[in-house]
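Note sheet for the following structure.
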Amino acid sequence: SVPVLTIDGPSGAGKGTVSRAIARKLGWHYLDSGSIYRSLAIAAIAEGVDLSDETVVAEVAKAMVLEFECAEELTVKLDGKDITGQLGLESTGNAASMVAALPEVRKVLLQKQKDFRRPPGLVADGRDMGTVVFPDAQNKVFLTASAEERAMRRYKQLKEKGIDANLSSITQEIEERDRRDQQRKAAPLMQADDAVFIDSSDMSIETVIEQIINLIR
Ligand code: CDP
């Protein structure tokens, strides 16, 4: 079957940067599953629905049409409209983690994610790639870093994008997001039994990329 490398882990562990770099090196497709939850959050907010209303949010998930374009940067269109600019906002990430907690929503989005598995291969980045979406993946990584380090990276990333950011509120949000991702009933963040654990707190992105590429079978 088509090879898949899953990279799961908490918010801000560097999964996005690492996954994109590896996908580019291998010439594989890239699934940023977080951006699907982010897009859904944007759609639900635009329609003015209550983000905790499972049935209604699941309806929005079923109806939305997403187009991903992965050139230099990821471009996402929701129902034909470019939403790339809103995608990276912290408020979008927080709303995404709310809709991601709804089991019915996760069920609806499952097939959309599986469809990314096309030759010659896929790098899938998220929370439940190795546990739920691609349990049969040949290569699985669980990538993490300390909460302080993750907050610092996120802070720098936002600054680079010219987005106004505050380190202590980002740290708080990261801890809040960790709690929500770990404690939810639907697909809580956890390491797959057969995943390789990597703590990147004291590692450069380049080293992380190299280690993961060396793992690939
Ligand atoms: O890394 P960060 O949390 O900032 O963003 P993300 O990876 O884009 O994910 C946004 C939110 O979507 C996360 O906080 C998770 O709650 C949720 N998510 C999920 O539940 N399952 C995934 N496979 C990916 C993201």
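How things are named: the first chain in the structure tokens is A, the next is B, and so on; residues count from 1 in each chain; ligands count from 1 in the order shown.
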
> Where does DSSP see alpha helix (DSSP H) in chain A, if you list the residues as JSON, numbers by chain?
Replying inline: {"A": [15, 16, 17, 18, 19, 20, 21, 22, 23, 24, 25, 26, 33, 34, 35, 36, 37, 38, 39, 40, 41, 42, 43, 44, 45, 46, 54, 55, 56, 57, 58, 59, 60, 61, 62, 63, 84, 85, 86, 87, 90, 91, 92, 93, 94, 95, 96, 97, 98, 99, 103, 104, 105, 106, 107, 108, 109, 110, 111, 112, 113, 114, 147, 148, 149, 150, 151, 152, 153, 154, 155, 156, 157, 158, 159, 160, 167, 168, 169, 170, 171, 172, 173, 174, 175, 176, 177, 178, 179, 180, 181, 182, 183, 205, 206, 207, 208, 209, 210, 211, 212, 213, 214, 215]}

Give one line per residue of chain A that approaches ligand 1 to at most 8 Å, naming the two atoms of the closest pair and their distance in Å to one decimal, counting only C-alpha atoms and all ligand atoms; sort by chain then ascending residue number and deliver it as JSON lines.
```
{"residue": "A:Asp8", "atom": "CA", "partner": "ligand 1", "partner_atom_place_in_ligand_line": "23 (N)", "distance": 7.7}
{"residue": "A:Pro10", "atom": "CA", "partner": "ligand 1", "partner_atom_place_in_ligand_line": "1 (O)", "distance": 6.5}
{"residue": "A:Ser11", "atom": "CA", "partner": "ligand 1", "partner_atom_place_in_ligand_line": "1 (O)", "distance": 3.6}
{"residue": "A:Gly12", "atom": "CA", "partner": "ligand 1", "partner_atom_place_in_ligand_line": "1 (O)", "distance": 4.8}
{"residue": "A:Ala13", "atom": "CA", "partner": "ligand 1", "partner_atom_place_in_ligand_line": "1 (O)", "distance": 7.2}
{"residue": "A:Gly14", "atom": "CA", "partner": "ligand 1", "partner_atom_place_in_ligand_line": "1 (O)", "distance": 7.9}
{"residue": "A:Lys15", "atom": "CA", "partner": "ligand 1", "partner_atom_place_in_ligand_line": "1 (O)", "distance": 7.6}
{"residue": "A:Gly16", "atom": "CA", "partner": "ligand 1", "partner_atom_place_in_ligand_line": "7 (O)", "distance": 7.5}
{"residue": "A:Asp32", "atom": "CA", "partner": "ligand 1", "partner_atom_place_in_ligand_line": "8 (O)", "distance": 7.2}
{"residue": "A:Ser33", "atom": "CA", "partner": "ligand 1", "partner_atom_place_in_ligand_line": "24 (C)", "distance": 4.7}
{"residue": "A:Gly34", "atom": "CA", "partner": "ligand 1", "partner_atom_place_in_ligand_line": "8 (O)", "distance": 3.4}
{"residue": "A:Ser35", "atom": "CA", "partner": "ligand 1", "partner_atom_place_in_ligand_line": "8 (O)", "distance": 5.0}
{"residue": "A:Ile36", "atom": "CA", "partner": "ligand 1", "partner_atom_place_in_ligand_line": "24 (C)", "distance": 7.6}
{"residue": "A:Tyr37", "atom": "CA", "partner": "ligand 1", "partner_atom_place_in_ligand_line": "12 (O)", "distance": 5.2}
{"residue": "A:Arg38", "atom": "CA", "partner": "ligand 1", "partner_atom_place_in_ligand_line": "10 (C)", "distance": 6.0}
{"residue": "A:Gly88", "atom": "CA", "partner": "ligand 1", "partner_atom_place_in_ligand_line": "8 (O)", "distance": 7.8}
{"residue": "A:Glu90", "atom": "CA", "partner": "ligand 1", "partner_atom_place_in_ligand_line": "4 (O)", "distance": 7.2}
{"residue": "A:Thr92", "atom": "CA", "partner": "ligand 1", "partner_atom_place_in_ligand_line": "10 (C)", "distance": 7.9}
{"residue": "A:Gly93", "atom": "CA", "partner": "ligand 1", "partner_atom_place_in_ligand_line": "10 (C)", "distance": 4.7}
{"residue": "A:Asn94", "atom": "CA", "partner": "ligand 1", "partner_atom_place_in_ligand_line": "14 (O)", "distance": 6.4}
{"residue": "A:Ala95", "atom": "CA", "partner": "ligand 1", "partner_atom_place_in_ligand_line": "11 (C)", "distance": 7.8}
{"residue": "A:Ala96", "atom": "CA", "partner": "ligand 1", "partner_atom_place_in_ligand_line": "11 (C)", "distance": 4.7}
{"residue": "A:Ser97", "atom": "CA", "partner": "ligand 1", "partner_atom_place_in_ligand_line": "16 (O)", "distance": 3.3}
{"residue": "A:Met98", "atom": "CA", "partner": "ligand 1", "partner_atom_place_in_ligand_line": "16 (O)", "distance": 6.7}
{"residue": "A:Val99", "atom": "CA", "partner": "ligand 1", "partner_atom_place_in_ligand_line": "16 (O)", "distance": 7.8}
{"residue": "A:Ala100", "atom": "CA", "partner": "ligand 1", "partner_atom_place_in_ligand_line": "20 (O)", "distance": 4.5}
{"residue": "A:Ala101", "atom": "CA", "partner": "ligand 1", "partner_atom_place_in_ligand_line": "20 (O)", "distance": 6.6}
{"residue": "A:Arg106", "atom": "CA", "partner": "ligand 1", "partner_atom_place_in_ligand_line": "20 (O)", "distance": 8.0}
{"residue": "A:Asp125", "atom": "CA", "partner": "ligand 1", "partner_atom_place_in_ligand_line": "23 (N)", "distance": 6.8}
{"residue": "A:Gly126", "atom": "CA", "partner": "ligand 1", "partner_atom_place_in_ligand_line": "23 (N)", "distance": 3.7}
{"residue": "A:Arg127", "atom": "CA", "partner": "ligand 1", "partner_atom_place_in_ligand_line": "23 (N)", "distance": 4.1}
{"residue": "A:Asp128", "atom": "CA", "partner": "ligand 1", "partner_atom_place_in_ligand_line": "23 (N)", "distance": 4.9}
{"residue": "A:Met129", "atom": "CA", "partner": "ligand 1", "partner_atom_place_in_ligand_line": "23 (N)", "distance": 6.0}
{"residue": "A:Ile174", "atom": "CA", "partner": "ligand 1", "partner_atom_place_in_ligand_line": "3 (O)", "distance": 7.8}
{"residue": "A:Arg177", "atom": "CA", "partner": "ligand 1", "partner_atom_place_in_ligand_line": "14 (O)", "distance": 5.6}
{"residue": "A:Asp178", "atom": "CA", "partner": "ligand 1", "partner_atom_place_in_ligand_line": "14 (O)", "distance": 7.5}
{"residue": "A:Arg180", "atom": "CA", "partner": "ligand 1", "partner_atom_place_in_ligand_line": "16 (O)", "distance": 7.0}
{"residue": "A:Asp181", "atom": "CA", "partner": "ligand 1", "partner_atom_place_in_ligand_line": "16 (O)", "distance": 5.2}
{"residue": "A:Ala187", "atom": "CA", "partner": "ligand 1", "partner_atom_place_in_ligand_line": "20 (O)", "distance": 7.4}
{"residue": "A:Pro188", "atom": "CA", "partner": "ligand 1", "partner_atom_place_in_ligand_line": "20 (O)", "distance": 7.6}
{"residue": "A:Leu189", "atom": "CA", "partner": "ligand 1", "partner_atom_place_in_ligand_line": "20 (O)", "distance": 7.7}
```

With C-alpha atoms retained, export the selected residues as an mmCIF file, in the first residue's frame.
```cif
data_model
loop_
_atom_site.group_PDB
_atom_site.id
_atom_site.type_symbol
_atom_site.label_atom_id
_atom_site.label_comp_id
_atom_site.auth_asym_id
_atom_site.auth_seq_id
_atom_site.Cartn_x
_atom_site.Cartn_y
_atom_site.Cartn_z
ATOM 1 C CA ASP A 8 1.695 13.380 15.815
ATOM 2 C CA PRO A 10 1.077 18.569 20.800
ATOM 3 C CA SER A 11 0.618 22.155 19.687
ATOM 4 C CA GLY A 12 3.810 23.897 18.607
ATOM 5 C CA ALA A 13 6.115 20.874 18.603
ATOM 6 C CA GLY A 14 7.334 21.773 15.117
ATOM 7 C CA LYS A 15 5.313 19.126 13.280
ATOM 8 C CA GLY A 16 4.309 21.468 10.464
ATOM 9 C CA ASP A 32 -1.875 19.200 7.511
ATOM 10 C CA SER A 33 -4.855 17.741 9.373
ATOM 11 C CA GLY A 34 -4.936 20.672 11.784
ATOM 12 C CA SER A 35 -5.762 22.954 8.876
ATOM 13 C CA ILE A 36 -8.897 20.892 8.197
ATOM 14 C CA TYR A 37 -10.113 21.515 11.767
ATOM 15 C CA ARG A 38 -9.033 25.146 11.417
ATOM 16 C CA GLY A 88 -2.810 30.752 11.180
ATOM 17 C CA GLU A 90 -4.337 31.823 17.391
ATOM 18 C CA THR A 92 -8.619 30.052 14.756
ATOM 19 C CA GLY A 93 -6.442 27.415 16.471
ATOM 20 C CA ASN A 94 -8.426 27.736 19.668
ATOM 21 C CA ALA A 95 -11.752 27.465 17.852
ATOM 22 C CA ALA A 96 -10.337 24.463 15.933
ATOM 23 C CA SER A 97 -9.543 22.646 19.158
ATOM 24 C CA MET A 98 -13.174 23.154 20.244
ATOM 25 C CA VAL A 99 -14.738 21.661 17.105
ATOM 26 C CA ALA A 100 -12.064 18.921 17.107
ATOM 27 C CA ALA A 101 -13.401 17.691 20.450
ATOM 28 C CA ARG A 106 -14.117 13.697 13.662
ATOM 29 C CA ASP A 125 0.736 15.745 10.513
ATOM 30 C CA GLY A 126 -1.700 15.949 13.435
ATOM 31 C CA ARG A 127 -2.857 14.475 16.723
ATOM 32 C CA ASP A 128 -4.365 11.135 15.729
ATOM 33 C CA MET A 129 -2.681 10.310 12.420
ATOM 34 C CA ILE A 174 -0.603 26.152 24.725
ATOM 35 C CA ARG A 177 -4.821 23.478 24.281
ATOM 36 C CA ASP A 178 -2.728 20.552 25.630
ATOM 37 C CA ARG A 180 -8.180 20.002 25.859
ATOM 38 C CA ASP A 181 -6.395 17.764 23.335
ATOM 39 C CA ALA A 187 -9.288 10.664 19.768
ATOM 40 C CA PRO A 188 -7.327 12.239 22.636
ATOM 41 C CA LEU A 189 -3.721 13.093 21.865
#
```

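Here the question is which of A:Asn214, A:Ser1, A:Gln191, A:Ser52 gets nearest to Lys140 of chain A using only C-alpha atoms, and that residue is A:Gln191.
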
> Residues at most 10 Å from Lys25 of chain A, counting only C-alpha atoms, excluding those fewer than 6 positions away in the same chain, as a ChimeraX atom specification?
Replying inline: /A:19,209,213

> Can you tell me how far atom CA of Pro135 of chain A sits from atom CA of Leu40 of chain A, in Å to one decimal?
Replying inline: 23.6 Å

> Skipping near chain neighbours, those fewer than 4 positions away, what residues fall within 8 Å of Gln138 of chain A using only C-alpha atoms, listed as an MDAnalysis selection string?
Replying inline: chainID A and resid 3:5 217

>> Report, in Å with one decimal, the straight-line distance from atom CA of Gln183 of chain A to atom CA of Pro103 of chain A.
In response: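 Result for atom CA of Gln183 of chain A versus atom CA of Pro103 of chain A: 13.1 Å, one decimal.
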
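Residues of segment 178-216 of chain A that DSSP places in strand (DSSP E), based on the backbone of this structure, are Val196, Phe197, Ile198 and Asp199 of chain A.
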
Go ahead and save the residues from that selection, with N, CA and C atoms, as a short mmCIF file (atom, residue, chain, number, x, y, z; two decimals), in the first residue's frame.
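Okay, part32.cif is ready:
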```cif
data_model
loop_
_atom_site.label_atom_id
_atom_site.label_comp_id
_atom_site.auth_asym_id
_atom_site.auth_seq_id
_atom_site.Cartn_x
_atom_site.Cartn_y
_atom_site.Cartn_z
N VAL A 196 7.74 6.17 17.18
CA VAL A 196 9.04 6.52 17.75
C VAL A 196 8.89 7.87 18.45
N PHE A 197 9.30 7.96 19.70
CA PHE A 197 9.16 9.18 20.49
C PHE A 197 10.37 10.09 20.28
N ILE A 198 10.12 11.35 19.93
CA ILE A 198 11.22 12.31 19.79
C ILE A 198 10.88 13.58 20.57
N ASP A 199 11.76 13.92 21.52
CA ASP A 199 11.61 15.18 22.25
C ASP A 199 12.57 16.17 21.62
#
```

> atom CA of Ala145 of chain A and atom CA of Leu87 of chain A are how many Å apart?
Replying inline: 23.0 Å

> If you count only C-alpha atoms, which residues fall within 8 Å of Ala23 of chain A, apart from same-chain ones fewer than 6 positions away, as a ChimeraX atom specification?
Replying inline: /A:29-30,122-123

Which polymer residues have any atom within 10 Å of an atom of Leu110 of chain A, counting only C-alpha atoms, with same-chain residues fewer than 3 positions away left out, as a PDB file with C-alpha atoms, in the first residue's frame?
```
ATOM      1  CA  SER A  33      -4.855  17.741   9.373  1.00  0.00           C
ATOM      2  CA  VAL A 105     -17.182  15.951  13.556  1.00  0.00           C
ATOM      3  CA  ARG A 106     -14.117  13.697  13.662  1.00  0.00           C
ATOM      4  CA  LYS A 107     -16.123  10.910  12.035  1.00  0.00           C
ATOM      5  CA  GLN A 113      -8.136  12.869   5.508  1.00  0.00           C
ATOM      6  CA  LYS A 114      -7.713   9.305   4.218  1.00  0.00           C
ATOM      7  CA  ASP A 115      -8.131  10.625   0.649  1.00  0.00           C
ATOM      8  CA  VAL A 132      -6.943   6.704  14.198  1.00  0.00           C
ATOM      9  CA  VAL A 133      -6.592   7.962  10.622  1.00  0.00           C
ATOM     10  CA  PHE A 134      -3.658   5.843   9.391  1.00  0.00           C
TER      11      PHE A 134
END
```

> Do you know which residues are at most 12 Å from Lys81 of chain A counting only C-alpha atoms, after dropping those on the same chain fewer than 3 positions away, and could you put them as a PyMOL selection string?
Replying inline: chain A and resi 39+42-43+64-68+75-78+84-86

> Out of A:Leu89, A:Leu143, A:Leu109, A:Met203, which residue has the shortest atom-to-atom distance to Lys161 of chain A when counting only C-alpha atoms?
Replying inline: A:Leu89
